[in-house]
Amino acid sequence: MHKRLKNLVIGSVLTTLFSVLMLTGCSNKSSSSTTVDKNKPTIKVGSKDFTESLILGELYAVALEKAGYKVERKLNLGSAVVHTSLINGDIDFYPEYTGTGLMSILKEKPKFDSKEVYDEVATKYKEKFKLIWLDPSSANDGQGLVITKKAADKYNIRTISDLQKNAGSIRFASQGQFDERADGLPALKVTYGDFKFKDEKIYDNGLKYEVLHNDKADLAVAYTTEGQLSKDEFVVLEDDKHVWPPYNIAPVIKQDLLEKNPEIKDILNKVTKKIDNKTIIKLNAEVDIDKKEYEEVVKVFFDKELAN
């Protein structure tokens, strides 16, 4: 009995010691991963309320934390209020799209050259709102048309001009409004000519990739960075005559914050430089298709691409 009790006591001591060491090790690991600089301000990071914007907002937030800033996340804001939140000081910056800035915020007519659009929003945001557009990404989350690779290969369709010439062989899965909107099918017809599709049916937008996958249609309307486009069975057609304006991604930030903390520019620009269409499509797919949490997707990407 005595020997058994002695062994039990020794075992308990060793277990306790092991637990303390484990906790100490975990604590050291956590504290060394991000060190907050008390001389730096807290940055309020915003985003819109869809997957891509949440990913981008989190990426920028992590980059700032790694640089010693304390970050207050105010992600998942409605698209209708996020700009006002920035103007009112509820957030300090958020990822925006150049085309949205030009047409939805500034109420200007569409333009189709990426640099021209960026230059205009950068100039007018600074004049009107004292907001700065940082470097834009090459990623363009704009309007587009997606076709099955099977149909694209069969009819040699790679551009919207190719589509127009072969429309009589293509089944179009429309979302209804696209057929009527000024920037939808009517705009395509003005620029490319009439599209006399073999068949045209209206489907809910959420079903379009299922419809294409199940061979019920060949063509659908899409946004050019949707996660489903990571699949090889789909091809985005080139808008070779530039009907649709560019929607390049860039952080929009308060001018006074940037003037007091100029290093933020380089921190955020480093992130943006890594975001092209292929990258953001992949990240969107991991969240929307693979059902991973966007925070975990961002962590893995940051550690692989931006940690050094």
# chains A, B, ... in the order shown; residues from 1 in each chain; ligands from 1
>>> select_by_dssp(residues="range 117-188 of chain A", states="alpha helix (DSSP H)", output="number ranges by chain")
A: 117-129, 149-155, 160-165, 177-180, 185-188
>>> write_last_selection(atoms="N, CA and C atoms", output="CSV table (one decimal), in the first residue's frame")
chain,number,residue,atom,x,y,z
A,117,VAL,N,-9.1,54.9,-64.3
A,117,VAL,CA,-10.1,54.8,-63.2
A,117,VAL,C,-9.4,55.0,-61.9
A,118,TYR,N,-8.3,54.3,-61.6
A,118,TYR,CA,-7.6,54.4,-60.4
A,118,TYR,C,-7.2,55.9,-60.1
A,119,ASP,N,-6.6,56.5,-61.1
A,119,ASP,CA,-6.1,57.9,-61.0
A,119,ASP,C,-7.2,58.8,-60.6
A,120,GLU,N,-8.4,58.6,-61.2
A,120,GLU,CA,-9.5,59.5,-60.9
A,120,GLU,C,-10.0,59.3,-59.5
A,121,VAL,N,-10.2,58.1,-59.1
A,121,VAL,CA,-10.7,57.9,-57.7
A,121,VAL,C,-9.7,58.4,-56.7
A,122,ALA,N,-8.4,58.1,-57.0
A,122,ALA,CA,-7.4,58.6,-56.0
A,122,ALA,C,-7.4,60.1,-55.9
A,123,THR,N,-7.5,60.8,-57.0
A,123,THR,CA,-7.5,62.3,-56.9
A,123,THR,C,-8.7,62.8,-56.3
A,124,LYS,N,-9.9,62.3,-56.6
A,124,LYS,CA,-11.1,62.9,-56.1
A,124,LYS,C,-11.5,62.5,-54.7
A,125,TYR,N,-11.1,61.3,-54.3
A,125,TYR,CA,-11.3,60.9,-52.9
A,125,TYR,C,-10.4,61.8,-52.0
A,126,LYS,N,-9.2,62.1,-52.4
A,126,LYS,CA,-8.4,63.0,-51.6
A,126,LYS,C,-8.9,64.4,-51.5
A,127,GLU,N,-9.4,64.9,-52.6
A,127,GLU,CA,-10.0,66.2,-52.6
A,127,GLU,C,-11.3,66.3,-51.8
A,128,LYS,N,-12.2,65.4,-52.0
A,128,LYS,CA,-13.6,65.4,-51.4
A,128,LYS,C,-13.6,64.9,-50.0
A,129,PHE,N,-12.9,63.8,-49.7
A,129,PHE,CA,-13.1,63.1,-48.5
A,129,PHE,C,-11.8,63.1,-47.6
A,149,LYS,N,-15.8,24.7,-70.0
A,149,LYS,CA,-14.6,24.4,-70.8
A,149,LYS,C,-14.9,23.5,-72.0
A,150,LYS,N,-15.9,22.7,-71.7
A,150,LYS,CA,-16.3,21.8,-72.8
A,150,LYS,C,-16.8,22.6,-74.0
A,151,ALA,N,-17.7,23.6,-73.8
A,151,ALA,CA,-18.2,24.4,-74.8
A,151,ALA,C,-17.2,25.3,-75.4
A,152,ALA,N,-16.3,25.9,-74.5
A,152,ALA,CA,-15.2,26.8,-75.0
A,152,ALA,C,-14.3,26.0,-76.0
A,153,ASP,N,-14.0,24.8,-75.6
A,153,ASP,CA,-13.1,24.0,-76.5
A,153,ASP,C,-13.7,23.6,-77.8
A,154,LYS,N,-15.0,23.2,-77.6
A,154,LYS,CA,-15.7,22.7,-78.8
A,154,LYS,C,-15.9,23.7,-79.9
A,155,TYR,N,-16.2,25.0,-79.5
A,155,TYR,CA,-16.5,26.1,-80.4
A,155,TYR,C,-15.3,27.1,-80.5
A,160,ILE,N,-15.4,37.4,-75.7
A,160,ILE,CA,-16.9,37.7,-75.9
A,160,ILE,C,-17.1,37.9,-77.4
A,161,SER,N,-16.1,38.3,-78.2
A,161,SER,CA,-16.3,38.4,-79.6
A,161,SER,C,-16.5,37.0,-80.2
A,162,ASP,N,-15.7,36.0,-79.7
A,162,ASP,CA,-15.9,34.6,-80.1
A,162,ASP,C,-17.3,34.1,-79.8
A,163,LEU,N,-17.7,34.5,-78.6
A,163,LEU,CA,-19.1,34.1,-78.2
A,163,LEU,C,-20.1,34.6,-79.1
A,164,GLN,N,-20.0,35.9,-79.4
A,164,GLN,CA,-21.0,36.5,-80.3
A,164,GLN,C,-21.1,35.8,-81.7
A,165,LYS,N,-20.0,35.4,-82.2
A,165,LYS,CA,-20.0,34.7,-83.5
A,165,LYS,C,-20.6,33.3,-83.4
A,177,GLN,N,-32.4,39.8,-64.8
A,177,GLN,CA,-32.1,41.2,-64.8
A,177,GLN,C,-31.0,41.6,-65.7
A,178,PHE,N,-30.1,40.6,-65.9
A,178,PHE,CA,-28.9,40.9,-66.8
A,178,PHE,C,-29.4,41.2,-68.2
A,179,ASP,N,-30.5,40.6,-68.6
A,179,ASP,CA,-31.0,40.8,-70.0
A,179,ASP,C,-31.6,42.2,-70.2
A,180,GLU,N,-31.9,42.9,-69.1
A,180,GLU,CA,-32.6,44.2,-69.2
A,180,GLU,C,-31.7,45.3,-68.7
A,185,LEU,N,-26.8,42.7,-70.9
A,185,LEU,CA,-26.9,42.2,-72.3
A,185,LEU,C,-27.1,43.4,-73.3
A,186,PRO,N,-27.9,44.4,-73.0
A,186,PRO,CA,-28.0,45.6,-73.9
A,186,PRO,C,-26.6,46.2,-74.2
A,187,ALA,N,-25.8,46.3,-73.2
A,187,ALA,CA,-24.4,46.9,-73.4
A,187,ALA,C,-23.6,46.0,-74.3
A,188,LEU,N,-23.7,44.7,-74.1
A,188,LEU,CA,-22.9,43.8,-74.9
A,188,LEU,C,-23.4,43.9,-76.4
>>> closest_atom_pairs(of="range 195-225 of chain A", to="range 244-253 of chain A", cutoff="12 Å", atoms="only C-alpha atoms", output="tab-separated table")
residue	atom	partner	partner_atom	distance
A:Tyr223	CA	A:Tyr247	CA	10.2
A:Thr224	CA	A:Tyr247	CA	9.7
A:Thr225	CA	A:Tyr247	CA	10.5
>>> write_last_selection(atoms="N, CA and C atoms", output="PDB file, in the first residue's frame")
ATOM      1  N   TYR A 223     -19.180  37.018 -61.577  1.00  0.00           N
ATOM      2  CA  TYR A 223     -18.161  37.985 -61.171  1.00  0.00           C
ATOM      3  C   TYR A 223     -16.816  37.284 -61.271  1.00  0.00           C
ATOM      4  N   THR A 224     -15.800  38.008 -61.692  1.00  0.00           N
ATOM      5  CA  THR A 224     -14.580  37.375 -62.189  1.00  0.00           C
ATOM      6  C   THR A 224     -13.630  36.847 -61.114  1.00  0.00           C
ATOM      7  N   THR A 225     -14.008  36.929 -59.835  1.00  0.00           N
ATOM      8  CA  THR A 225     -13.161  36.333 -58.787  1.00  0.00           C
ATOM      9  C   THR A 225     -13.946  35.346 -57.923  1.00  0.00           C
TER      10      THR A 225
END
>>> closest_atom_pairs(of="range 24-128 of chain A", to="range 278-281 of chain A", cutoff="10 Å", atoms="only C-alpha atoms", output="tab-separated table")
residue	atom	partner	partner_atom	distance
A:Glu52	CA	A:Ile280	CA	7.4
A:Ile55	CA	A:Ile280	CA	8.8
A:Leu56	CA	A:Ile280	CA	8.9
>>> write_last_selection(atoms="N, CA and C atoms", output="PDB file, in the first residue's frame")
ATOM      1  N   GLU A  52     -15.082  37.654 -50.039  1.00  0.00           N
ATOM      2  CA  GLU A  52     -13.843  38.249 -50.529  1.00  0.00           C
ATOM      3  C   GLU A  52     -13.401  39.430 -49.676  1.00  0.00           C
ATOM      4  N   ILE A  55     -12.067  38.277 -46.290  1.00  0.00           N
ATOM      5  CA  ILE A  55     -10.714  37.742 -46.434  1.00  0.00           C
ATOM      6  C   ILE A  55      -9.700  38.879 -46.516  1.00  0.00           C
ATOM      7  N   LEU A  56      -9.985  39.862 -47.342  1.00  0.00           N
ATOM      8  CA  LEU A  56      -9.065  40.982 -47.523  1.00  0.00           C
ATOM      9  C   LEU A  56      -8.915  41.794 -46.237  1.00  0.00           C
TER      10      LEU A  56
END
>>> closest_residue(among="A:Thr42, A:Ser230, A:Asn166, A:Thr272", to="Phe302 in chain A", atoms="only C-alpha atoms")
A:Thr272
>>> residues_around(residues="range 60-69 of chain A", least_positions_apart="6", cutoff="12 Å", atoms="only C-alpha atoms", output="number ranges by chain")
A: 31-47, 53-54, 75, 92-95, 250-253, 261, 263-275, 295-303, 305-308
>>> select_by_dssp(residues="range 87-277 of chain A", states="strand (DSSP E or B)", output="PyMOL selection string")
chain A and resi 93-97+131-133+140+143-148+159+171-174+199-202+219-223+234-236+238+248-254
>>> residues_around(residues="Glu233 in chain A", least_positions_apart="5", cutoff="12 Å", atoms="only C-alpha atoms", output="list of chain:residue names")
A:Val146, A:Ile147, A:Thr148, A:Lys149, A:Lys150, A:Ala151, A:Ala152, A:Asp153, A:Tyr209, A:Glu210, A:Leu212, A:His213, A:Asn214, A:Asp215, A:Asp218, A:Leu219, A:Gln228
>>> closest_residue(among="A:Arg158, A:Lys254, A:Lys115, A:Lys304", to="Asp240 in chain A", atoms="only C-alpha atoms")
A:Arg158
>>> decode(residues="range 260-306 of chain A", atoms="N, CA and C atoms", output="PDB file, in the first residue's frame")
ATOM      1  N   LYS A 260       0.396  60.433 -40.096  1.00  0.00           N
ATOM      2  CA  LYS A 260       1.013  60.233 -38.774  1.00  0.00           C
ATOM      3  C   LYS A 260       1.737  58.890 -38.674  1.00  0.00           C
ATOM      4  N   ASN A 261       1.335  57.953 -39.526  1.00  0.00           N
ATOM      5  CA  ASN A 261       1.912  56.602 -39.489  1.00  0.00           C
ATOM      6  C   ASN A 261       2.229  56.140 -40.912  1.00  0.00           C
ATOM      7  N   PRO A 262       3.222  56.759 -41.557  1.00  0.00           N
ATOM      8  CA  PRO A 262       3.482  56.485 -42.976  1.00  0.00           C
ATOM      9  C   PRO A 262       3.865  55.036 -43.280  1.00  0.00           C
ATOM     10  N   GLU A 263       4.379  54.294 -42.277  1.00  0.00           N
ATOM     11  CA  GLU A 263       4.779  52.909 -42.558  1.00  0.00           C
ATOM     12  C   GLU A 263       3.582  52.014 -42.887  1.00  0.00           C
ATOM     13  N   ILE A 264       2.372  52.454 -42.502  1.00  0.00           N
ATOM     14  CA  ILE A 264       1.174  51.655 -42.806  1.00  0.00           C
ATOM     15  C   ILE A 264       1.031  51.449 -44.311  1.00  0.00           C
ATOM     16  N   LYS A 265       1.413  52.441 -45.065  1.00  0.00           N
ATOM     17  CA  LYS A 265       1.322  52.346 -46.528  1.00  0.00           C
ATOM     18  C   LYS A 265       2.069  51.126 -47.047  1.00  0.00           C
ATOM     19  N   ASP A 266       3.326  50.965 -46.621  1.00  0.00           N
ATOM     20  CA  ASP A 266       4.128  49.838 -47.101  1.00  0.00           C
ATOM     21  C   ASP A 266       3.592  48.507 -46.593  1.00  0.00           C
ATOM     22  N   ILE A 267       3.073  48.491 -45.356  1.00  0.00           N
ATOM     23  CA  ILE A 267       2.532  47.254 -44.783  1.00  0.00           C
ATOM     24  C   ILE A 267       1.351  46.757 -45.606  1.00  0.00           C
ATOM     25  N   LEU A 268       0.423  47.670 -45.919  1.00  0.00           N
ATOM     26  CA  LEU A 268      -0.779  47.279 -46.654  1.00  0.00           C
ATOM     27  C   LEU A 268      -0.478  47.017 -48.129  1.00  0.00           C
ATOM     28  N   ASN A 269       0.402  47.822 -48.712  1.00  0.00           N
ATOM     29  CA  ASN A 269       0.751  47.609 -50.121  1.00  0.00           C
ATOM     30  C   ASN A 269       1.418  46.257 -50.349  1.00  0.00           C
ATOM     31  N   LYS A 270       2.183  45.797 -49.367  1.00  0.00           N
ATOM     32  CA  LYS A 270       2.837  44.488 -49.474  1.00  0.00           C
ATOM     33  C   LYS A 270       1.795  43.375 -49.577  1.00  0.00           C
ATOM     34  N   VAL A 271       0.712  43.519 -48.823  1.00  0.00           N
ATOM     35  CA  VAL A 271      -0.378  42.534 -48.897  1.00  0.00           C
ATOM     36  C   VAL A 271      -1.061  42.593 -50.252  1.00  0.00           C
ATOM     37  N   THR A 272      -1.431  43.798 -50.661  1.00  0.00           N
ATOM     38  CA  THR A 272      -2.170  43.981 -51.912  1.00  0.00           C
ATOM     39  C   THR A 272      -1.400  43.422 -53.104  1.00  0.00           C
ATOM     40  N   LYS A 273      -0.094  43.566 -53.084  1.00  0.00           N
ATOM     41  CA  LYS A 273       0.748  43.098 -54.192  1.00  0.00           C
ATOM     42  C   LYS A 273       0.614  41.601 -54.420  1.00  0.00           C
ATOM     43  N   LYS A 274       0.265  40.869 -53.358  1.00  0.00           N
ATOM     44  CA  LYS A 274       0.130  39.412 -53.457  1.00  0.00           C
ATOM     45  C   LYS A 274      -1.237  38.973 -53.997  1.00  0.00           C
ATOM     46  N   ILE A 275      -2.154  39.916 -54.171  1.00  0.00           N
ATOM     47  CA  ILE A 275      -3.534  39.566 -54.543  1.00  0.00           C
ATOM     48  C   ILE A 275      -3.751  39.745 -56.043  1.00  0.00           C
ATOM     49  N   ASP A 276      -3.745  38.659 -56.767  1.00  0.00           N
ATOM     50  CA  ASP A 276      -4.152  38.673 -58.172  1.00  0.00           C
ATOM     51  C   ASP A 276      -5.417  37.819 -58.303  1.00  0.00           C
ATOM     52  N   ASN A 277      -5.951  37.719 -59.502  1.00  0.00           N
ATOM     53  CA  ASN A 277      -7.208  36.980 -59.676  1.00  0.00           C
ATOM     54  C   ASN A 277      -7.087  35.520 -59.252  1.00  0.00           C
ATOM     55  N   LYS A 278      -6.006  34.878 -59.642  1.00  0.00           N
ATOM     56  CA  LYS A 278      -5.823  33.460 -59.311  1.00  0.00           C
ATOM     57  C   LYS A 278      -5.793  33.259 -57.798  1.00  0.00           C
ATOM     58  N   THR A 279      -5.116  34.157 -57.101  1.00  0.00           N
ATOM     59  CA  THR A 279      -4.982  34.037 -55.644  1.00  0.00           C
ATOM     60  C   THR A 279      -6.309  34.254 -54.934  1.00  0.00           C
ATOM     61  N   ILE A 280      -7.022  35.315 -55.286  1.00  0.00           N
ATOM     62  CA  ILE A 280      -8.263  35.616 -54.569  1.00  0.00           C
ATOM     63  C   ILE A 280      -9.349  34.600 -54.911  1.00  0.00           C
ATOM     64  N   ILE A 281      -9.345  34.079 -56.124  1.00  0.00           N
ATOM     65  CA  ILE A 281     -10.283  33.006 -56.479  1.00  0.00           C
ATOM     66  C   ILE A 281     -10.027  31.786 -55.597  1.00  0.00           C
ATOM     67  N   LYS A 282      -8.766  31.430 -55.417  1.00  0.00           N
ATOM     68  CA  LYS A 282      -8.404  30.276 -54.586  1.00  0.00           C
ATOM     69  C   LYS A 282      -8.839  30.486 -53.134  1.00  0.00           C
ATOM     70  N   LEU A 283      -8.594  31.677 -52.589  1.00  0.00           N
ATOM     71  CA  LEU A 283      -8.966  31.961 -51.207  1.00  0.00           C
ATOM     72  C   LEU A 283     -10.488  31.958 -51.044  1.00  0.00           C
ATOM     73  N   ASN A 284     -11.192  32.557 -51.998  1.00  0.00           N
ATOM     74  CA  ASN A 284     -12.658  32.527 -51.967  1.00  0.00           C
ATOM     75  C   ASN A 284     -13.183  31.095 -52.008  1.00  0.00           C
ATOM     76  N   ALA A 285     -12.546  30.260 -52.827  1.00  0.00           N
ATOM     77  CA  ALA A 285     -12.978  28.867 -52.959  1.00  0.00           C
ATOM     78  C   ALA A 285     -12.800  28.100 -51.650  1.00  0.00           C
ATOM     79  N   GLU A 286     -11.720  28.363 -50.948  1.00  0.00           N
ATOM     80  CA  GLU A 286     -11.476  27.661 -49.688  1.00  0.00           C
ATOM     81  C   GLU A 286     -12.566  27.959 -48.667  1.00  0.00           C
ATOM     82  N   VAL A 287     -13.105  29.172 -48.713  1.00  0.00           N
ATOM     83  CA  VAL A 287     -14.180  29.541 -47.783  1.00  0.00           C
ATOM     84  C   VAL A 287     -15.536  29.082 -48.309  1.00  0.00           C
ATOM     85  N   ASP A 288     -15.847  29.428 -49.557  1.00  0.00           N
ATOM     86  CA  ASP A 288     -17.200  29.196 -50.088  1.00  0.00           C
ATOM     87  C   ASP A 288     -17.456  27.749 -50.502  1.00  0.00           C
ATOM     88  N   ILE A 289     -16.437  27.069 -50.963  1.00  0.00           N
ATOM     89  CA  ILE A 289     -16.611  25.692 -51.439  1.00  0.00           C
ATOM     90  C   ILE A 289     -16.136  24.676 -50.393  1.00  0.00           C
ATOM     91  N   ASP A 290     -14.937  24.905 -49.870  1.00  0.00           N
ATOM     92  CA  ASP A 290     -14.375  23.966 -48.884  1.00  0.00           C
ATOM     93  C   ASP A 290     -14.918  24.201 -47.480  1.00  0.00           C
ATOM     94  N   LYS A 291     -15.628  25.320 -47.286  1.00  0.00           N
ATOM     95  CA  LYS A 291     -16.301  25.641 -46.019  1.00  0.00           C
ATOM     96  C   LYS A 291     -15.327  25.827 -44.849  1.00  0.00           C
ATOM     97  N   LYS A 292     -14.163  26.369 -45.143  1.00  0.00           N
ATOM     98  CA  LYS A 292     -13.222  26.714 -44.086  1.00  0.00           C
ATOM     99  C   LYS A 292     -13.563  28.105 -43.538  1.00  0.00           C
ATOM    100  N   GLU A 293     -13.146  28.379 -42.309  1.00  0.00           N
ATOM    101  CA  GLU A 293     -13.328  29.702 -41.734  1.00  0.00           C
ATOM    102  C   GLU A 293     -12.350  30.669 -42.400  1.00  0.00           C
ATOM    103  N   TYR A 294     -12.828  31.873 -42.713  1.00  0.00           N
ATOM    104  CA  TYR A 294     -11.962  32.797 -43.452  1.00  0.00           C
ATOM    105  C   TYR A 294     -10.722  33.186 -42.640  1.00  0.00           C
ATOM    106  N   GLU A 295     -10.832  33.219 -41.301  1.00  0.00           N
ATOM    107  CA  GLU A 295      -9.671  33.547 -40.474  1.00  0.00           C
ATOM    108  C   GLU A 295      -8.561  32.502 -40.633  1.00  0.00           C
ATOM    109  N   GLU A 296      -8.944  31.233 -40.687  1.00  0.00           N
ATOM    110  CA  GLU A 296      -7.957  30.173 -40.850  1.00  0.00           C
ATOM    111  C   GLU A 296      -7.341  30.207 -42.241  1.00  0.00           C
ATOM    112  N   VAL A 297      -8.146  30.464 -43.256  1.00  0.00           N
ATOM    113  CA  VAL A 297      -7.637  30.581 -44.629  1.00  0.00           C
ATOM    114  C   VAL A 297      -6.615  31.704 -44.716  1.00  0.00           C
ATOM    115  N   VAL A 298      -6.930  32.824 -44.094  1.00  0.00           N
ATOM    116  CA  VAL A 298      -6.013  33.971 -44.095  1.00  0.00           C
ATOM    117  C   VAL A 298      -4.718  33.628 -43.366  1.00  0.00           C
ATOM    118  N   LYS A 299      -4.811  32.972 -42.226  1.00  0.00           N
ATOM    119  CA  LYS A 299      -3.616  32.628 -41.437  1.00  0.00           C
ATOM    120  C   LYS A 299      -2.655  31.767 -42.247  1.00  0.00           C
ATOM    121  N   VAL A 300      -3.183  30.748 -42.900  1.00  0.00           N
ATOM    122  CA  VAL A 300      -2.347  29.843 -43.693  1.00  0.00           C
ATOM    123  C   VAL A 300      -1.700  30.613 -44.843  1.00  0.00           C
ATOM    124  N   PHE A 301      -2.460  31.425 -45.543  1.00  0.00           N
ATOM    125  CA  PHE A 301      -1.934  32.194 -46.671  1.00  0.00           C
ATOM    126  C   PHE A 301      -0.874  33.182 -46.197  1.00  0.00           C
ATOM    127  N   PHE A 302      -1.167  33.879 -45.103  1.00  0.00           N
ATOM    128  CA  PHE A 302      -0.213  34.883 -44.602  1.00  0.00           C
ATOM    129  C   PHE A 302       1.096  34.224 -44.207  1.00  0.00           C
ATOM    130  N   ASP A 303       1.026  33.132 -43.474  1.00  0.00           N
ATOM    131  CA  ASP A 303       2.233  32.453 -43.025  1.00  0.00           C
ATOM    132  C   ASP A 303       3.069  31.953 -44.199  1.00  0.00           C
ATOM    133  N   LYS A 304       2.412  31.576 -45.273  1.00  0.00           N
ATOM    134  CA  LYS A 304       3.127  31.040 -46.434  1.00  0.00           C
ATOM    135  C   LYS A 304       3.678  32.151 -47.340  1.00  0.00           C
ATOM    136  N   GLU A 305       2.903  33.202 -47.539  1.00  0.00           N
ATOM    137  CA  GLU A 305       3.239  34.197 -48.557  1.00  0.00           C
ATOM    138  C   GLU A 305       3.763  35.530 -48.020  1.00  0.00           C
ATOM    139  N   LEU A 306       3.453  35.864 -46.768  1.00  0.00           N
ATOM    140  CA  LEU A 306       3.723  37.218 -46.296  1.00  0.00           C
ATOM    141  C   LEU A 306       4.475  37.286 -44.970  1.00  0.00           C
TER     142      LEU A 306
END
